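Okay, so here's the structure we're looking at.
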Amino acid sequence: MSYTPHTDADRAAMLAAVGVGSVTELFEPIDPALRLNRPLNVPAALDEASLAREMAALAGRNASSSTHVSFLGAGIYDHFSPAVVDAIISRGEFLTSYTPYQPEMSQGMLQAVYEYQSLVCALTGMELANASMYDAATAIAEAALMAVEATGRKTVVVSPLLHPHYLRVLATYVRTAGYTLVCTAESDLRTSLVDPATREALSGAACLVLQSPNFMGIIEDLPEAIRCARDSGALSVVSVDPVSLGLLAPPGDFGADVVVGEGQGLGLAQGFGGPLLGFFACRLEHQRRFPGRIVGATVDSEGRRGYTMTLRTREQDIRRERATSNICTNEALCALAASVHLCAIGPQGLREMADLCFQKAHYAHRMLCAIPGIRPASLSPFFDEFALLLPDGADVVDLIDTLLNDGVIAGLALAPYRPDLPTGLLIAVTENRTRQDIDQLASAVAEYLTGRGPTHG
Amino acid sequence: MGEPLIIDKGRTGRRGVLMPACDVPRTSVQEALPGVALRGRLPLPEVSELDTIRHFTRLSQRNHAIDLGFYPLGSCTMKYNPRANERAARLPGFAGIHPMQPAASVQGALQLLFDLQSWLAEISGMDAATVQPAAGAHGELLSLMMVHDYHRQRGDMQRDVVLIPDSAHGTNPASAARCGLRVQPVPSGPDGLTDMAALNRALSDRTAALMLTNPNTLGLFETNIGEICDLVHGAGGLVYCDGANMNALLGVARPGDMGFDVMHFNLHKTFSTPHGGGGPGCGAIGVKAMLEPFLPVPVVTCIDGVYALDVDRPHSVGQVHSFYGAFLIAVRAYNYIRSLGPDGLREVAEYAVLNANYVRSRLRSAFDIPHDRTCMHEVVLSAARQKSRNGVRAMDISKRLMDYGFHPPTNYFPLIVPEALMIEPTESESKETLDAFCDAMLEIARDCEATPDIVRSAPHGTVVSRLDETAAVKRLDVRWETKSG
Amino acid sequence: MENPTGLLYARTHEWVSLIGDIATIGITDHAQCELGDIVFLELPAVGKALGSGEMLGTVESVKAVSDLYSPVAGVVIEINTDAASATEVVNTDPYGAGWLVRVKLDADGVPADLLDASAYTMLVEESAH
């Protein structure tokens, strides 16, 4: 089945109108030697019901938030998504529409994007936000490239406490463009900018890139970092967790040049890491060089307010190789989901959500650090995620596997990313975790360390 | 009648979804976060849940979509987005899994990715695939990174030029520029296909790659594709296929067999995943074996039936997405391929091509068709005749189509056709729909002669008329302003 | 709009007015018409040296970007900042208040192949067919 509606009579009439005897004749421009003379080697078609059963079975082979209690963060969070979000993004009028190039027929999506842009500006304290990027990693990379354009400097200075995947993506983009990437120092799992090498690098840098809360969950000293960047003539690029902005002051308040981040926590499914939502906001002075689409308000020929894509000459279809980015399709429906989420919970809801994440994480931190042998990896302030050190010799991967069998995803083993923290475990606690979940995690970890595991302190 | 902004629908103190109560003993924020500045103003809308539902539902009704009507945007492949795919993507075992869970706990997800990638390779005649890129342009960028590294790894340090036809989509040169590569345009010949002599002249030992769309953006199959690939390979370059137009080739021919070395797919075009008003998409890529070592990490592997993510790839270009790409989009494409099977996939191409040629046969009397011969899945008209005789342009015709309830075709692309109207019906549309569209186009053509003003002043029946795009730039208004406090 | 006879024209649709060793440069009526409403000007810095035929900036409308080329060789002495902030004047008065750049000519800064008004008018008419 191919979801095609043609009857035999349709086919016959259409072939006659075109003036050919069969559809095969229409493929005549393709050299027969290049045509596939066998069916594609993919599984035979399944009817909807049978396929649904197979998909359920395939999905059933995965431990998910429906079967397990998760304390895994590291950029993707098990926040609660209210029912209204999916109700709106499943509407066919949004789901099956295209990029709003013809504004008269797309006012719904255009206004939705304008509202999303406004919400991002409100959250981040910035003046201009685009219609979205693929994810935080590419938003960071594009911000860095924009900073190079803005300053003419070809060095990008970055905190080593960025999510390691974001760092890898940034490194890929910077290398490809022929620029240089330099890491700052760190202290107590927080970015440190005081050492001479970092200062030297900053003085010739296009931008300073950091993430707050950082990969270890620690809140960075943003006012200091932004000031440091500015004093060196570099742009500041800050990647944030939008949920944390319900509790913490946004980087816009401290004069950040660019604020980006991952919007997944605003009502999007974890989805095994995609699709995601990169938000991108910057100062108005960058309006001619920022990447991505943007929607603006204007009037029609009758003076009625309407919305349209604007500042188009930056984009690839007009400027081609001189475009500010190659981005075309972005994450429009995910941006809509985030907008619906923020409207559904409102400012009070976001404050409470952030407070719950903070409270539960700090409670979990106390409970876990009370277990003999466990200590915090850092004393720096954190939001809803933190790194712990298990006793020397503890097998963190084995701990995680053990707890998995008991219905708990305990967190992320840090050793692959930080060989200097071989017993490190990164734990996130969202508003979706109950006190009982946390108490059970703590007792499961304690039990593992006192007897069950093959190695214990 | 406009729709007010949601911020203007709020009232102080109004709330929607409530949060749970805090069930843990409280920690003092000030004590735990000494010196950390806390949130002040948070100027978000304060609306009830009904306000939220009503507002966005009302917005949705001011939007055209495939679900509402014909959407013949050329090169966009606006086919039906099956709801069965939506259901699959919402299964908790797919939607509720974290990318950094232990591999043993996500074997179903890894199997899906592995299988989808194998099928994409099979469909395209390539040796390997990855779904990591989040959009077609992202796939182009990744591919060019890989091509560039491939050459340099072989000691070919001077290959920094990408040949791109003048008919190419704008993302092609933009992606090349992102890679630090120089763009050299290759003109099309009078037959609308790549000018072989010009291509020959353009090739050099600096050629990294030729980027080609096949069928091209005129909807025409590059009949010399075998020779083109041989020429580029002979000069030491690789050939990249912009796979936006794969809908014409499914089950009929494969870019890998034509000589292409690397290509991107648009899962949100060919494989029915929804466009969502501008994404999320998935720009999976397929590569021949010589490019496989350069694939981004992590690579999904299967050894003795056990799936894993491999990062031990010394020649990998790096990573271009936070995780593995748009997994839930991959789920939809996987579901689609399993719904269609080999016969269904081939039928897609057959009906896509039949529908486009049918539209061509009905419209060729009234509109110029620069290359009026068998097209593939899309046909490009020119409104040049209407412009010179009646002063009516492609844009005007597009706006007038809205009055008939149709979304216009793509305008002014490819750049090599003046007043271009690119129509891609897709295989989803019935003969009646195509006839209704063609009837409307013919009536508009008649109006261009008899009453051109009604076309030039269109649209008349939409919620807004033509917008002042100049004011949108000069009086830039890209966010609502809120009163302070 | 007639192409004024006192000016010289480049094939790339710029005009130049020569008074002594000062050249004033702008875009022609044909150019502004093709572009549509102009929304942005990217003009060179004062003091920049230009060769004839060298790119000196861009003119942008809502949907197009057009590169500007200098018809003459010299050094930029003045740019029209009024036009840069009220770009519509380039559409309404391209030969007058819509001027863009003033250049102090090099010796032999005026190439021999610039067109006079009638040659330019013919060029535009021919390209329309």
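To be explicit about the labels: the chains of the structure tokens are called A, B, and onward in the order shown, and within each one the residues are counted from 1, while ligands get numbers from 1 in the order they are shown.
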Identify, on the basis of only C-alpha atoms, every residue whose closest approach to Leu68 in chain B does not exceed 8 Å; exclude the query and any residue fewer than 3 positions from it along the same chain; express the result as an MDAnalysis selection string. (chainID A and resid 93) or (chainID B and resid 64:65)
Go ahead and save the residues from that selection, with C-alpha atoms, as a short mmCIF file (atom, residue, chain, number, x, y, z; two decimals), in the first residue's frame.
```cif
data_model
loop_
_atom_site.label_atom_id
_atom_site.label_comp_id
_atom_site.auth_asym_id
_atom_site.auth_seq_id
_atom_site.Cartn_x
_atom_site.Cartn_y
_atom_site.Cartn_z
CA GLU A 93 -3.23 22.37 10.47
CA HIS B 64 -3.20 25.92 5.26
CA ALA B 65 -1.95 22.35 5.52
#
```
Q | Residue set, chain C restricted to alpha helix (DSSP H), as number ranges by chain | A | C: 29-35, 81-85, 88-92, 117-127
May I have the residues from that selection written out with C-alpha atoms, as a PDB file, in the first residue's frame?
```
ATOM      1  CA  ASP C  29      16.509  53.954 -12.280  1.00  0.00           C
ATOM      2  CA  HIS C  30      16.494  50.548 -13.987  1.00  0.00           C
ATOM      3  CA  ALA C  31      18.398  49.065 -11.059  1.00  0.00           C
ATOM      4  CA  GLN C  32      16.116  50.502  -8.388  1.00  0.00           C
ATOM      5  CA  CYS C  33      13.096  49.355 -10.349  1.00  0.00           C
ATOM      6  CA  GLU C  34      14.374  45.803 -10.650  1.00  0.00           C
ATOM      7  CA  LEU C  35      15.253  45.644  -6.972  1.00  0.00           C
ATOM      8  CA  THR C  81      24.484  58.432   5.404  1.00  0.00           C
ATOM      9  CA  ASP C  82      21.090  60.108   4.939  1.00  0.00           C
ATOM     10  CA  ALA C  83      20.226  57.581   2.240  1.00  0.00           C
ATOM     11  CA  ALA C  84      21.514  54.766   4.439  1.00  0.00           C
ATOM     12  CA  SER C  85      18.960  55.605   7.098  1.00  0.00           C
ATOM     13  CA  GLU C  88      13.477  54.818   0.086  1.00  0.00           C
ATOM     14  CA  VAL C  89      15.165  57.881  -1.428  1.00  0.00           C
ATOM     15  CA  VAL C  90      17.264  55.547  -3.576  1.00  0.00           C
ATOM     16  CA  ASN C  91      14.015  54.365  -5.153  1.00  0.00           C
ATOM     17  CA  THR C  92      12.365  57.769  -5.479  1.00  0.00           C
ATOM     18  CA  ALA C 117      22.978  58.002 -21.497  1.00  0.00           C
ATOM     19  CA  SER C 118      21.739  56.857 -24.888  1.00  0.00           C
ATOM     20  CA  ALA C 119      24.061  53.836 -25.008  1.00  0.00           C
ATOM     21  CA  TYR C 120      22.940  52.831 -21.515  1.00  0.00           C
ATOM     22  CA  THR C 121      19.276  53.320 -22.379  1.00  0.00           C
ATOM     23  CA  MET C 122      19.746  51.048 -25.377  1.00  0.00           C
ATOM     24  CA  LEU C 123      21.504  48.455 -23.249  1.00  0.00           C
ATOM     25  CA  VAL C 124      18.560  48.333 -20.854  1.00  0.00           C
ATOM     26  CA  GLU C 125      16.033  48.124 -23.679  1.00  0.00           C
ATOM     27  CA  GLU C 126      17.941  45.277 -25.340  1.00  0.00           C
ATOM     28  CA  SER C 127      18.192  43.242 -22.158  1.00  0.00           C
TER      29      SER C 127
END
```
Hey, list the chain C side of the contact with chain B: 8 Å cut-off, only C-alpha atoms, answer as a PyMOL selection string.
chain C and resi 37-39+61-62
Margin query: as a list in words, please: every residue in range 72-111 of chain C that a backbone DSSP assignment puts in strand (DSSP E).
Written below: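 Strand (DSSP E) assignments inside range 72-111 of chain C correspond to Gly74, Val75, Val76, Ile77, Glu78, Ile79, Val101, Arg102, Val103, Lys104 and Leu105 of chain C.
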Please report as CSV every residue of chain A lying within 10 Å of chain C, along with the nearest atom pair and their distance in Å (one decimal), using only C-alpha atoms.
```
residue,atom,partner,partner_atom,distance
A:Arg288,CA,C:Phe40,CA,9.9
A:Thr310,CA,C:Val62,CA,8.0
A:Leu311,CA,C:Val62,CA,7.4
A:Arg312,CA,C:Lys63,CA,6.7
A:Thr313,CA,C:Lys63,CA,6.2
A:Arg314,CA,C:Val65,CA,9.3
A:Asp317,CA,C:Lys63,CA,9.6
A:Ile318,CA,C:Ala64,CA,6.3
A:Arg319,CA,C:Val65,CA,7.1
```
